[in-house]
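Chemist: Quick one: this structure, given as structure tokens, is what I'll be asking you about.
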Amino acid sequence: MTKRVPDRRGYFGAYGGRFVPETVMPALLELERAYAACRRDAAFRRRLADLLRTHCGRPTPLSLAARLSAALGGPKIYLKREDLCHTGAHKINNALGQALLARTMGKKRIVAETGAGQHGVATAAAAALLGMECTVYMGTEDMRRQAPNVARIRLLGAEVAPVEAGSRTLKDAINEAMRDWVTNVRTTHYLLGSVLGPHPYPLLVRDFQTVIGREARRQILRSEGRLPDLLVACVGGGSNAIGLFHPFLRDERVAMVGVEAGGRGGALGAHAARFFGGSEGVLHGTRSFLLHDRHGQIAPTHSISAGLDYPSIGPEHSFLRAQGRVRYTRVGDRAALEAFHLLARTEGILPALESAHAIAYVAEHARALPKKTLVLVNLSGRGDKDLDTVRKSLGEKRARSKGKSPRSR
Ligand SMILES: *Cc1c(COP(=O)(O)O)cnc(C)c1O
């Protein structure tokens with residue numbers, strides 16, 4: 001892999017690109033130029049590193065999970081602790097990076113979309129820190145399901161703009177945020193939350209998240225004196241995974257596994273595993289793997305973790321899969337829940353249900369791996385946001401074992 005990806009048109013091999021209406025192009029070109037300048041600017045990089053250190057708590061630790069390793073009776077497992085970041089997950093790395101980029105461009109206002117609300121919270125926090133106005137678009141169905149995050153976003157001084165269109169969820173919110181951006185581009189930056197969307201977003205979000213892998217590389221070399229054998233991360237849009245993987249891509253002996261949401265099973269609509277049952281297509285400005293039905297309509301998706309519940313995957317992941325550099329697999333709702341409890345009881349950590357998918361993959365394969373194998377798992381976020389979901393599932397399990405239907409709540 002000597003060729004630079006993405007190329008000048010934003011392609012990662014056959015994936016990526018810039019599939020947008022003419023009206024959006026000037027804004028993307030302005031962003032591309034500004035980002036190219038910031039990327040070369042040592043003062044920008046220093047300012048961002050300072051903010052990540054003093055405001056977000058970076059570097060996050062790399063923890064040896066000794067009791068988890070022992071419980072699984074296999075390899076030595078390390079956790080990269082993005083759960084300890086300010087606002088509870090890796091999303092703040094990108095939110096702060098883009099907010100700082102926007103301010104450098106002279107913008108005074110941020111717009112963003114959010115589904116589960118986590119990206120909305122990170123964006124609102126970044127906007128407040130840098131003294132910028134912020135509007136977060138959110139489908140009304142998501143607002144109902146994610147009421148605590150709606151409250152958080154508002155308390156951080158941002159406006160939540162309800163979206164009534166379509167299914168009133170993430171994809172409708174993306175359309176509205178894009179429309180706002182194009183209308184107000186002189187003052188406004190669109191802060192996209194994962195390695196998705198038209199070029200240059202998959203590139204710049206990846207760059208802002210590689211701080212995860214750069215730190216992890218330094219940390220494992222310090223504690224073990226060698227590189228890990230295997231990296232594991234969950235993949236929604238794919239930003240925490242690419243952030244961990246990217247600084248190791250040239251290390252041929254480091255294997256990598258991306259874990260998608262297997263949901264309730266293999267039927268279309270029951271999962272969000274784009275590489276199992278998906279095919280190539282264009283969604284929200286980028287060419288990648290998508291879940292659609294026979295008529296080419298975007299299919300409904302399901303995962304117990306809202307952050308993995310999206311019908312498309314970042315184009316660079318489609319590229320790395322085509323190259324055979326990263327392997328992708330899926331883990332279902334039930335295994336993720338079991339991994340949640342396993343990590344809680346062995347390590348005293350409540351993981352985000354997204355991250356629990358990565359833990360579950362390791363739990364499933366640990367016995368097949370030699371004891372001297374070094375595994376590094378990205379713990380992308382903390383589980384506080386998922387307590388209701390986990391407690392509800394415990395209620396259902398108890399009811400099932402008594403042969404009753406779950407109590408409605
Ligand atoms: C949003 C989120 C994800 C999924 O997003 P990626 O872009 O795939 O990283 C994973 N884990 C947590 C904790 C999240 O909040």
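FYI, nothing fancy with the structure tokens labels: chains A, B, ... in order, residues from 1 per chain, ligands from 1 as they appear.
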Report as a PyMOL selection string all protein, DNA and RNA residues lying within 8 Å of segment 225-240 of chain A, evaluated on only C-alpha atoms, omitting residues in the same chain fewer than 3 positions from it.

Modeler: chain A and resi 90+194-196+205-206+209+212+217+220-222+243-245+253-261+307-310+312-314+317+354-355+357-358+362+373-380

Chemist: Write out as a ChimeraX atom specification the set of residues from segment 149-198 of chain A that DSSP, computed on the backbone, places in strand (DSSP E).

Modeler: /A:159-163,188-190

Chemist: Write out the residues from the selection above, keeping C-alpha atoms, as an mmCIF file, in the first residue's frame.

Modeler:
```
data_model
loop_
_atom_site.group_PDB
_atom_site.id
_atom_site.type_symbol
_atom_site.label_atom_id
_atom_site.label_comp_id
_atom_site.auth_asym_id
_atom_site.auth_seq_id
_atom_site.Cartn_x
_atom_site.Cartn_y
_atom_site.Cartn_z
ATOM 1 C CA GLU A 159 -30.179 24.363 20.221
ATOM 2 C CA VAL A 160 -31.841 21.046 19.366
ATOM 3 C CA ALA A 161 -33.732 21.377 16.081
ATOM 4 C CA PRO A 162 -36.480 18.742 15.788
ATOM 5 C CA VAL A 163 -36.805 17.023 12.390
ATOM 6 C CA THR A 188 -21.421 27.896 9.537
ATOM 7 C CA HIS A 189 -19.481 24.610 9.624
ATOM 8 C CA TYR A 190 -21.161 21.200 9.378
#
```

Chemist: Counting only C-alpha atoms and all ligand atoms, which of A:Gly115, A:Gly57, A:Gly13, A:Gly395 gets nearest to ligand 1?

Modeler: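 When distances to ligand 1 are compared using only C-alpha atoms and all ligand atoms, the smallest one comes from A:Gly115.
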
Chemist: If we count only C-alpha atoms and set the cut-off at 12 Å, which residues sit around Glu338 of chain A, ignoring sequence neighbours fewer than 6 positions away in its own chain? Please answer as a PyMOL selection string.

Modeler: chain A and resi 331-332+344-345+350-351+353+356-361+363-364+390+393-394+397

Chemist: Those residues with N, CA and C atoms, as a PDB file, in the first residue's frame please?

Modeler:
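Listing of part_37.pdb after writing:
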```pdb
ATOM      1  N   VAL A 331     -21.185  -9.379  15.698  1.00  0.00           N
ATOM      2  CA  VAL A 331     -21.536  -9.894  17.021  1.00  0.00           C
ATOM      3  C   VAL A 331     -22.963  -9.432  17.300  1.00  0.00           C
ATOM      4  N   GLY A 332     -23.785 -10.340  17.807  1.00  0.00           N
ATOM      5  CA  GLY A 332     -25.201 -10.018  18.021  1.00  0.00           C
ATOM      6  C   GLY A 332     -25.483  -9.335  19.355  1.00  0.00           C
ATOM      7  N   ALA A 344     -17.833  -5.775  33.297  1.00  0.00           N
ATOM      8  CA  ALA A 344     -18.209  -5.112  34.550  1.00  0.00           C
ATOM      9  C   ALA A 344     -17.671  -5.895  35.751  1.00  0.00           C
ATOM     10  N   ARG A 345     -17.813  -7.222  35.700  1.00  0.00           N
ATOM     11  CA  ARG A 345     -17.461  -8.033  36.875  1.00  0.00           C
ATOM     12  C   ARG A 345     -15.996  -8.399  36.963  1.00  0.00           C
ATOM     13  N   LEU A 350     -18.073  -0.453  33.268  1.00  0.00           N
ATOM     14  CA  LEU A 350     -19.303  -0.601  32.491  1.00  0.00           C
ATOM     15  C   LEU A 350     -19.034  -0.044  31.090  1.00  0.00           C
ATOM     16  N   PRO A 351     -18.918  -0.911  30.092  1.00  0.00           N
ATOM     17  CA  PRO A 351     -18.599  -0.418  28.751  1.00  0.00           C
ATOM     18  C   PRO A 351     -19.854   0.052  28.017  1.00  0.00           C
ATOM     19  N   LEU A 353     -22.430  -0.211  25.080  1.00  0.00           N
ATOM     20  CA  LEU A 353     -22.843  -1.447  24.391  1.00  0.00           C
ATOM     21  C   LEU A 353     -22.147  -1.579  23.037  1.00  0.00           C
ATOM     22  N   ALA A 356     -18.909  -3.103  23.853  1.00  0.00           N
ATOM     23  CA  ALA A 356     -19.124  -4.479  24.317  1.00  0.00           C
ATOM     24  C   ALA A 356     -19.116  -5.460  23.143  1.00  0.00           C
ATOM     25  N   HIS A 357     -19.448  -4.994  21.948  1.00  0.00           N
ATOM     26  CA  HIS A 357     -19.365  -5.867  20.766  1.00  0.00           C
ATOM     27  C   HIS A 357     -17.918  -6.306  20.516  1.00  0.00           C
ATOM     28  N   ALA A 358     -16.973  -5.401  20.715  1.00  0.00           N
ATOM     29  CA  ALA A 358     -15.557  -5.733  20.518  1.00  0.00           C
ATOM     30  C   ALA A 358     -15.087  -6.708  21.593  1.00  0.00           C
ATOM     31  N   ILE A 359     -15.509  -6.465  22.833  1.00  0.00           N
ATOM     32  CA  ILE A 359     -15.171  -7.380  23.937  1.00  0.00           C
ATOM     33  C   ILE A 359     -15.741  -8.775  23.642  1.00  0.00           C
ATOM     34  N   ALA A 360     -16.973  -8.823  23.155  1.00  0.00           N
ATOM     35  CA  ALA A 360     -17.626 -10.108  22.878  1.00  0.00           C
ATOM     36  C   ALA A 360     -16.860 -10.898  21.821  1.00  0.00           C
ATOM     37  N   TYR A 361     -16.347 -10.209  20.810  1.00  0.00           N
ATOM     38  CA  TYR A 361     -15.551 -10.908  19.795  1.00  0.00           C
ATOM     39  C   TYR A 361     -14.343 -11.586  20.454  1.00  0.00           C
ATOM     40  N   ALA A 363     -13.998 -12.430  23.602  1.00  0.00           N
ATOM     41  CA  ALA A 363     -14.468 -13.505  24.479  1.00  0.00           C
ATOM     42  C   ALA A 363     -14.745 -14.775  23.670  1.00  0.00           C
ATOM     43  N   GLU A 364     -15.314 -14.584  22.478  1.00  0.00           N
ATOM     44  CA  GLU A 364     -15.675 -15.721  21.637  1.00  0.00           C
ATOM     45  C   GLU A 364     -14.450 -16.460  21.099  1.00  0.00           C
ATOM     46  N   VAL A 390     -29.703  -2.007  29.443  1.00  0.00           N
ATOM     47  CA  VAL A 390     -29.164  -3.208  30.092  1.00  0.00           C
ATOM     48  C   VAL A 390     -30.110  -3.705  31.176  1.00  0.00           C
ATOM     49  N   SER A 393     -33.095  -5.396  29.702  1.00  0.00           N
ATOM     50  CA  SER A 393     -32.792  -6.742  29.194  1.00  0.00           C
ATOM     51  C   SER A 393     -32.685  -7.743  30.342  1.00  0.00           C
ATOM     52  N   LEU A 394     -32.218  -7.275  31.500  1.00  0.00           N
ATOM     53  CA  LEU A 394     -32.164  -8.168  32.665  1.00  0.00           C
ATOM     54  C   LEU A 394     -33.577  -8.544  33.097  1.00  0.00           C
ATOM     55  N   LYS A 397     -34.888 -11.091  30.759  1.00  0.00           N
ATOM     56  CA  LYS A 397     -34.262 -12.391  30.948  1.00  0.00           C
ATOM     57  C   LYS A 397     -34.897 -13.108  32.142  1.00  0.00           C
TER      58      LYS A 397
END
```

Chemist: Would you mind listing what lies within 10 Å of Lys91 of chain A as a list of chain:residue names, with only C-alpha atoms counted and same-chain residues fewer than 4 positions away left out?

Modeler: A:Glu82, A:Cys85, A:His86, A:Thr87, A:Ala95, A:Leu96, A:Gln118, A:His119, A:Gly120, A:Val121, A:Ala122, A:Thr123, A:Gly193, A:Ser194, A:Val205, A:Phe208, A:Gln209, A:Ser239, A:Asn240, A:Ser380, A:Gly381

Chemist: Select, from A:Ser288, A:Gln146, A:Ser223, A:Ser63, the residue with the minimum atom-to-atom distance to Phe319 of chain A, counting only C-alpha atoms.

Modeler: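 Using only C-alpha atoms, Phe319 of chain A sits closest to A:Ser288.
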
Chemist: Would you tabulate, counting only C-alpha atoms, all residues of segment 10-111 of chain A that have an atom at most 8 Å from an atom of segment 166-186 of chain A, showing the closest pair of atoms and their distance in Å to one decimal, sorted by chain then ascending number, as a Markdown table?

Modeler:
```
| residue | atom | partner | partner_atom | distance |
| --- | --- | --- | --- | --- |
| A:Thr23 | CA | A:Val182 | CA | 7.1 |
| A:Val24 | CA | A:Val182 | CA | 6.0 |
| A:Ala27 | CA | A:Val185 | CA | 6.6 |
| A:Lys107 | CA | A:Arg186 | CA | 7.2 |
| A:Val111 | CA | A:Ala177 | CA | 6.2 |
```

Chemist: Output N, CA and C atoms of each residue in that selection to a file, as an mmCIF file, in the first residue's frame.

Modeler:
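Output file result_6.cif follows:
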```
data_model
loop_
_atom_site.group_PDB
_atom_site.id
_atom_site.type_symbol
_atom_site.label_atom_id
_atom_site.label_comp_id
_atom_site.auth_asym_id
_atom_site.auth_seq_id
_atom_site.Cartn_x
_atom_site.Cartn_y
_atom_site.Cartn_z
ATOM 1 N N THR A 23 -24.907 22.435 -5.423
ATOM 2 C CA THR A 23 -24.961 23.507 -4.424
ATOM 3 C C THR A 23 -24.051 23.235 -3.220
ATOM 4 N N VAL A 24 -23.709 21.958 -3.001
ATOM 5 C CA VAL A 24 -22.897 21.617 -1.825
ATOM 6 C C VAL A 24 -21.402 21.709 -2.145
ATOM 7 N N ALA A 27 -18.937 24.507 -0.711
ATOM 8 C CA ALA A 27 -18.678 24.361 0.724
ATOM 9 C C ALA A 27 -17.651 23.255 0.986
ATOM 10 N N LYS A 107 -15.483 30.641 11.012
ATOM 11 C CA LYS A 107 -16.914 30.343 11.207
ATOM 12 C C LYS A 107 -17.282 30.604 12.656
ATOM 13 N N VAL A 111 -23.268 23.374 12.855
ATOM 14 C CA VAL A 111 -24.462 22.529 12.807
ATOM 15 C C VAL A 111 -24.005 21.079 12.801
#
```

Chemist: Identify which of the residues A:Thr60, A:Asn149, A:Ser305, A:Thr140 lies closest to Asp83 of chain A, counting only C-alpha atoms when measuring atom-to-atom distances.

Modeler: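 Of the candidates, the smallest distance to Asp83 of chain A is held by A:Thr60.
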
Chemist: For atom CA of Glu215 of chain A and atom CA of Ala335 of chain A, quote the distance in Å rounded to one decimal.

Modeler: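 That distance, rounded to one decimal, is 29.0 Å.
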
Chemist: Need the shell around Leu72 of chain A: protein/DNA/RNA residues with any atom at most 10 Å away, counting only C-alpha atoms. Skip same-chain ones fewer than 4 positions apart. Format as a ChimeraX atom specification?

Modeler: /A:67-68,76-77,342,362-367

Chemist: Within 9 Å of His246 of chain A, counting only C-alpha atoms, which residues show up once you throw out same-chain ones fewer than 5 positions away? Write them as a PDB file with C-alpha atoms, in the first residue's frame, please.

Modeler:
```
ATOM      1  CA  ARG A 206      -9.975   9.743  10.480  1.00  0.00           C
ATOM      2  CA  ASP A 207      -7.075  12.124  11.077  1.00  0.00           C
ATOM      3  CA  THR A 210      -5.819   8.590  14.868  1.00  0.00           C
ATOM      4  CA  GLY A 213      -3.839   4.581  17.649  1.00  0.00           C
ATOM      5  CA  ARG A 214      -0.805   6.840  17.980  1.00  0.00           C
ATOM      6  CA  ALA A 241     -11.903   1.621  14.595  1.00  0.00           C
TER       7      ALA A 241
END
```

Chemist: Env of Gly278 of chain A: 10 Å cut, atoms = only C-alpha atoms, seq-sep filter 4 positions within chain, self excluded. Answer as a list in words.

Modeler: Leu268, Ala272, Ala273, Arg274, Ser288, Phe289, Leu290, Leu291, His292, Asp293, Ala299, Pro311 and Ser312 of chain A

Chemist: Pull all heavy atoms from the residues just selected and write them as a CSV table (one decimal), in the first residue's frame.

Modeler:
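Output (selection-v5.csv):
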```csv
chain,number,residue,atom,x,y,z
A,268,LEU,N,-32.6,-9.3,6.8
A,268,LEU,CA,-32.6,-7.8,6.5
A,268,LEU,C,-33.5,-7.1,7.5
A,268,LEU,O,-34.7,-7.5,7.6
A,268,LEU,CB,-33.0,-7.6,5.1
A,268,LEU,CG,-32.6,-6.2,4.5
A,268,LEU,CD1,-31.1,-6.0,4.4
A,268,LEU,CD2,-33.2,-6.0,3.1
A,272,ALA,N,-27.2,-4.6,11.6
A,272,ALA,CA,-26.6,-3.5,11.0
A,272,ALA,C,-25.2,-3.9,10.5
A,272,ALA,O,-24.2,-3.1,10.5
A,272,ALA,CB,-26.5,-2.3,11.9
A,273,ALA,N,-25.1,-5.1,10.0
A,273,ALA,CA,-23.8,-5.7,9.5
A,273,ALA,C,-23.7,-5.5,8.0
A,273,ALA,O,-24.2,-6.3,7.2
A,273,ALA,CB,-23.6,-7.1,9.9
A,274,ARG,N,-23.1,-4.3,7.6
A,274,ARG,CA,-23.1,-4.0,6.2
A,274,ARG,C,-22.4,-4.9,5.3
A,274,ARG,O,-22.7,-5.1,4.1
A,274,ARG,CB,-22.6,-2.5,6.0
A,274,ARG,CG,-23.5,-1.4,6.5
A,274,ARG,CD,-23.7,-1.4,8.0
A,274,ARG,NE,-22.5,-1.6,8.8
A,274,ARG,CZ,-21.9,-0.6,9.5
A,274,ARG,NH1,-22.3,0.6,9.5
A,274,ARG,NH2,-20.9,-0.9,10.3
A,288,SER,N,-20.0,3.3,-0.7
A,288,SER,CA,-19.5,2.3,0.2
A,288,SER,C,-20.4,1.1,0.2
A,288,SER,O,-21.2,0.9,-0.7
A,288,SER,CB,-19.3,2.9,1.6
A,288,SER,OG,-18.6,2.0,2.5
A,289,PHE,N,-20.3,0.3,1.3
A,289,PHE,CA,-21.3,-0.8,1.4
A,289,PHE,C,-22.5,-0.4,2.2
A,289,PHE,O,-22.4,0.4,3.2
A,289,PHE,CB,-20.6,-2.0,2.2
A,289,PHE,CG,-20.0,-3.0,1.2
A,289,PHE,CD1,-18.9,-2.7,0.6
A,289,PHE,CD2,-20.6,-4.2,1.0
A,289,PHE,CE1,-18.3,-3.6,-0.4
A,289,PHE,CE2,-20.1,-5.1,0.0
A,289,PHE,CZ,-18.9,-4.8,-0.6
A,290,LEU,N,-23.7,-0.8,1.7
A,290,LEU,CA,-24.9,-0.4,2.3
A,290,LEU,C,-25.9,-1.5,2.5
A,290,LEU,O,-25.8,-2.5,1.7
A,290,LEU,CB,-25.7,0.6,1.4
A,290,LEU,CG,-25.1,1.7,0.7
A,290,LEU,CD1,-26.1,2.4,-0.2
A,290,LEU,CD2,-24.5,2.7,1.7
A,291,LEU,N,-26.8,-1.4,3.4
A,291,LEU,CA,-27.9,-2.3,3.5
A,291,LEU,C,-29.1,-1.8,2.8
A,291,LEU,O,-29.6,-0.7,3.2
A,291,LEU,CB,-28.2,-2.6,5.0
A,291,LEU,CG,-27.2,-3.4,5.7
A,291,LEU,CD1,-27.3,-3.3,7.2
A,291,LEU,CD2,-27.2,-4.9,5.3
A,292,HIS,N,-29.4,-2.4,1.6
A,292,HIS,CA,-30.7,-2.0,1.0
A,292,HIS,C,-31.5,-3.2,0.6
A,292,HIS,O,-31.0,-4.3,0.5
A,292,HIS,CB,-30.5,-1.0,-0.2
A,292,HIS,CG,-29.3,-1.1,-1.0
A,292,HIS,ND1,-28.8,-2.2,-1.5
A,292,HIS,CD2,-28.4,-0.1,-1.3
A,292,HIS,CE1,-27.7,-2.0,-2.2
A,292,HIS,NE2,-27.4,-0.7,-2.1
A,293,ASP,N,-32.8,-2.9,0.3
A,293,ASP,CA,-33.7,-4.0,0.0
A,293,ASP,C,-33.6,-4.3,-1.6
A,293,ASP,O,-32.9,-3.6,-2.3
A,293,ASP,CB,-35.1,-3.7,0.4
A,293,ASP,CG,-35.7,-2.5,-0.3
A,293,ASP,OD1,-35.2,-2.1,-1.4
A,293,ASP,OD2,-36.7,-2.0,0.2
A,299,ALA,N,-32.4,-0.1,3.7
A,299,ALA,CA,-33.1,-1.0,4.6
A,299,ALA,C,-33.2,-0.5,6.0
A,299,ALA,O,-32.2,0.2,6.4
A,299,ALA,CB,-32.5,-2.4,4.5
A,311,PRO,N,-27.1,2.3,8.3
A,311,PRO,CA,-27.1,1.4,7.2
A,311,PRO,C,-25.8,1.4,6.3
A,311,PRO,O,-25.7,0.6,5.4
A,311,PRO,CB,-28.3,1.9,6.4
A,311,PRO,CG,-28.5,3.3,6.8
A,311,PRO,CD,-28.1,3.3,8.2
A,312,SER,N,-24.9,2.3,6.5
A,312,SER,CA,-23.7,2.4,5.7
A,312,SER,C,-22.5,2.4,6.6
A,312,SER,O,-22.6,2.5,7.8
A,312,SER,CB,-23.7,3.7,4.8
A,312,SER,OG,-22.5,3.7,4.1
```

Chemist: In terms of the shortest atom-to-atom distance over only C-alpha atoms and all ligand atoms, which of A:Lys402, A:Arg81, A:Arg46, A:Arg321 is closest to ligand 1?

Modeler: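 That would be A:Arg81, the residue with the smallest distance to ligand 1.
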
Chemist: Give the helix (DSSP H, G or I) residues of segment 185-252 of chain A, as assigned by DSSP on the backbone, as a PyMOL selection string.

Modeler: chain A and resi 201-209+211-224+239-248
